[in-house]
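Heads up, the thing below is written out as structure tokens.
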Amino acid sequence: MTIAAFVPALVAPEIDERGLAEAARSSSDAFAVLYRRYVGPVHAFAYRRSGSRDVAEEVTSATFERAWRAMPSFEWRGGGFKAWVFAIAARELAGWYRRDARSGNQRAQRALRLLHPGTDGIDDERLGVDDELAALRDALSTLPERYQEAISLRHLAGLDAEEAAAAMGCTKPALAVILHRATKALRRAIEGRRSRDEGN
């Protein structure tokens with residue numbers, strides 16, 4: 001078998017998704033196929049970022065509602081539909097944290113912590129991991145939105161560098177710089193939170 005015989009199989013998923021995205025600009029049936037393809041990964045991403053099923057469901061719903069409304073103007077770029085929908089999800093998450101912080105209530109803290117009904121059957125090591133995840137989420141929510149988006153897309157959504165850069169509308173080298181700065185800022189935020197906790 002020649003290499004030419006493998007080419008259609010290698011590019012078919014992108015052509016298939018590109019065709020679906022084009023059709024979804026005016027077809028709810030085509031959009032439904034894309035929705036079914038990405039609703040699970042977007043929900044998992046939102047859950048990993050928030051630690052809350054309620055927040056993940058809210059963000060996932062808002063993401064696909066926004067995507068559906070924007071489909072008529074969707075243009076296929078570098079990372080395609082996948083990068084585009086994850087970028088929407090990252091902005092929805094950042095917006096959720098921003099709105100929640102402005103509200104002045106404790107909902108953000110409740111959503112960021114993985115709550116346990118009690119300590120029965122939960123070992124101290126697991127509680128430590130949960131506390132670390134809560135600290136990470138809390139610190140991430142304090143970063144500028146661009147930094148949150150870069151870290152979320154690259155590390156929590158699992159997009160590769162090219163897809164994450166396309167989702168953010170920048171080049172791979174620019175994404176690398178943003179990620180470097182975002183990671184440093186995240187470390188400082190985590191250390192600041194630990195210092196505050198130790199001071200109390």
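Identifiers for the structure tokens are assigned positionally: chains receive A, B, ... in sequence, residues are indexed from 1 per chain, and ligands are indexed from 1 in the order shown.
Summary of the local environment: counting only C-alpha atoms, residues at most 10 Å from Pro41 of chain A, other than itself and those fewer than 5 positions away along its chain, are Arg36, Ala46, Tyr47, Thr60, Lys82, Phe86, Ala157 and Gly158 of chain A.
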Any chance you can output those residues with N, CA and C atoms as a PDB file, in the first residue's frame?
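Ended up saving to result20.pdb:
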ATOM      1  N   ARG A  36     -22.334  16.969  20.721  1.00  0.00           N
ATOM      2  CA  ARG A  36     -22.152  15.626  21.303  1.00  0.00           C
ATOM      3  C   ARG A  36     -20.672  15.245  21.346  1.00  0.00           C
ATOM      4  N   ALA A  46     -14.136  22.038  32.578  1.00  0.00           N
ATOM      5  CA  ALA A  46     -14.726  22.987  33.525  1.00  0.00           C
ATOM      6  C   ALA A  46     -14.720  22.414  34.940  1.00  0.00           C
ATOM      7  N   TYR A  47     -14.932  21.108  35.058  1.00  0.00           N
ATOM      8  CA  TYR A  47     -14.907  20.481  36.377  1.00  0.00           C
ATOM      9  C   TYR A  47     -13.493  20.479  36.959  1.00  0.00           C
ATOM     10  N   THR A  60     -20.510  24.794  31.049  1.00  0.00           N
ATOM     11  CA  THR A  60     -20.708  24.004  29.825  1.00  0.00           C
ATOM     12  C   THR A  60     -21.940  24.484  29.082  1.00  0.00           C
ATOM     13  N   LYS A  82     -12.505  22.752  17.838  1.00  0.00           N
ATOM     14  CA  LYS A  82     -12.085  22.331  19.176  1.00  0.00           C
ATOM     15  C   LYS A  82     -11.434  23.482  19.934  1.00  0.00           C
ATOM     16  N   PHE A  86     -13.129  25.482  23.242  1.00  0.00           N
ATOM     17  CA  PHE A  86     -12.417  25.498  24.517  1.00  0.00           C
ATOM     18  C   PHE A  86     -12.042  26.922  24.915  1.00  0.00           C
ATOM     19  N   ALA A 157      -7.485  21.843  29.801  1.00  0.00           N
ATOM     20  CA  ALA A 157      -8.297  21.356  28.679  1.00  0.00           C
ATOM     21  C   ALA A 157      -7.531  20.330  27.860  1.00  0.00           C
ATOM     22  N   GLY A 158      -6.205  20.300  28.021  1.00  0.00           N
ATOM     23  CA  GLY A 158      -5.403  19.314  27.311  1.00  0.00           C
ATOM     24  C   GLY A 158      -5.161  19.643  25.849  1.00  0.00           C
TER      25      GLY A 158
END
Next item on the list: For Ala87 of chain A, work out the shell of residues within 8 Å, counting only C-alpha atoms and skipping chain neighbours fewer than 6 positions away, then give it as JSON, numbers by chain.
Entry: {"A": [149, 153, 167, 168]}
Let's have the selection written as a PDB file, in the first residue's frame, with all heavy atoms.
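Ended up saving to out-v3.pdb:
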ATOM      1  N   GLU A 149      -6.652  31.875  31.130  1.00  0.00           N
ATOM      2  CA  GLU A 149      -7.016  31.229  29.868  1.00  0.00           C
ATOM      3  C   GLU A 149      -5.874  30.366  29.343  1.00  0.00           C
ATOM      4  O   GLU A 149      -6.080  29.224  28.938  1.00  0.00           O
ATOM      5  CB  GLU A 149      -7.404  32.300  28.845  1.00  0.00           C
ATOM      6  CG  GLU A 149      -7.968  31.748  27.568  1.00  0.00           C
ATOM      7  CD  GLU A 149      -8.429  32.845  26.610  1.00  0.00           C
ATOM      8  OE1 GLU A 149      -8.289  34.043  26.916  1.00  0.00           O
ATOM      9  OE2 GLU A 149      -8.930  32.472  25.538  1.00  0.00           O
ATOM     10  N   LEU A 153      -6.358  26.373  29.099  1.00  0.00           N
ATOM     11  CA  LEU A 153      -6.406  25.728  27.786  1.00  0.00           C
ATOM     12  C   LEU A 153      -5.282  24.715  27.612  1.00  0.00           C
ATOM     13  O   LEU A 153      -5.502  23.610  27.123  1.00  0.00           O
ATOM     14  CB  LEU A 153      -6.344  26.766  26.668  1.00  0.00           C
ATOM     15  CG  LEU A 153      -7.582  27.639  26.512  1.00  0.00           C
ATOM     16  CD1 LEU A 153      -7.307  28.768  25.525  1.00  0.00           C
ATOM     17  CD2 LEU A 153      -8.772  26.820  26.062  1.00  0.00           C
ATOM     18  N   ALA A 167      -6.554  29.047  19.847  1.00  0.00           N
ATOM     19  CA  ALA A 167      -7.707  29.439  20.657  1.00  0.00           C
ATOM     20  C   ALA A 167      -7.524  30.830  21.254  1.00  0.00           C
ATOM     21  O   ALA A 167      -8.482  31.584  21.390  1.00  0.00           O
ATOM     22  CB  ALA A 167      -7.933  28.422  21.771  1.00  0.00           C
ATOM     23  N   MET A 168      -6.296  31.161  21.593  1.00  0.00           N
ATOM     24  CA  MET A 168      -6.023  32.466  22.186  1.00  0.00           C
ATOM     25  C   MET A 168      -5.737  33.536  21.144  1.00  0.00           C
ATOM     26  O   MET A 168      -5.573  34.704  21.489  1.00  0.00           O
ATOM     27  CB  MET A 168      -4.860  32.345  23.172  1.00  0.00           C
ATOM     28  CG  MET A 168      -5.220  31.520  24.388  1.00  0.00           C
ATOM     29  SD  MET A 168      -3.947  31.540  25.650  1.00  0.00           S
ATOM     30  CE  MET A 168      -3.964  33.270  26.129  1.00  0.00           C
TER      31      MET A 168
END
Check: When distances are computed from only C-alpha atoms, which of A:Ala44, A:Ala56, A:Ala150, A:Val33 shows the smallest separation from Cys170 of chain A?
Finding: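 Of the candidates, the smallest distance to Cys170 of chain A is held by A:Ala150.
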Note to self: I'd like the neighbourhood of segment 74-79 of chain A as JSON, numbers by chain, where a residue qualifies if any of its atoms comes within 9 Å (using only C-alpha atoms), though same-chain residues fewer than 6 positions away should be ignored.
What the structure shows: {"A": [18, 21, 22, 25, 67, 162, 163, 164, 165, 166, 167]}
Notebook entry, point to check: Which parts of segment 12-198 of chain A does DSSP call alpha helix (DSSP H) when run on the backbone here, written out as a PyMOL selection string?
Noted result: chain A and resi 12-24+28-50+53-70+80-103+107-112+124-141+145-151+161-168+172-198
Note to self: As an exercise, work out the distance from atom CA of Thr63 of chain A to atom CA of Glu92 of chain A in Å and give it to one decimal place.
What the structure shows: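 Between atom CA of Thr63 of chain A and atom CA of Glu92 of chain A the gap works out to 6.6 Å.
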Next item on the list: Name all residues at most 10 Å from Ala189 of chain A (count only C-alpha atoms; drop same-chain ones fewer than 5 positions away) and give them as number ranges by chain.
Entry: A: 135-136, 138-143, 183-184, 194-195
Next item on the list: State, in Å with one decimal place, the distance from atom CA of Ala182 of chain A to atom CA of His155 of chain A.
Entry: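 Pair atom CA of Ala182 of chain A / atom CA of His155 of chain A returns 11.8 Å.
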Note to self: So, with only C-alpha atoms as the atoms that count, which of A:Leu156, A:Glu191, A:Leu34, A:Tyr147 lies closest to Asp16 of chain A?
What the structure shows: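 For Asp16 of chain A, the nearest of the candidates is A:Leu34.
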Check: Hey, can you check how far atom CA of Lys172 of chain A sits from atom CA of Ile151 of chain A?
Finding: 13.7 Å
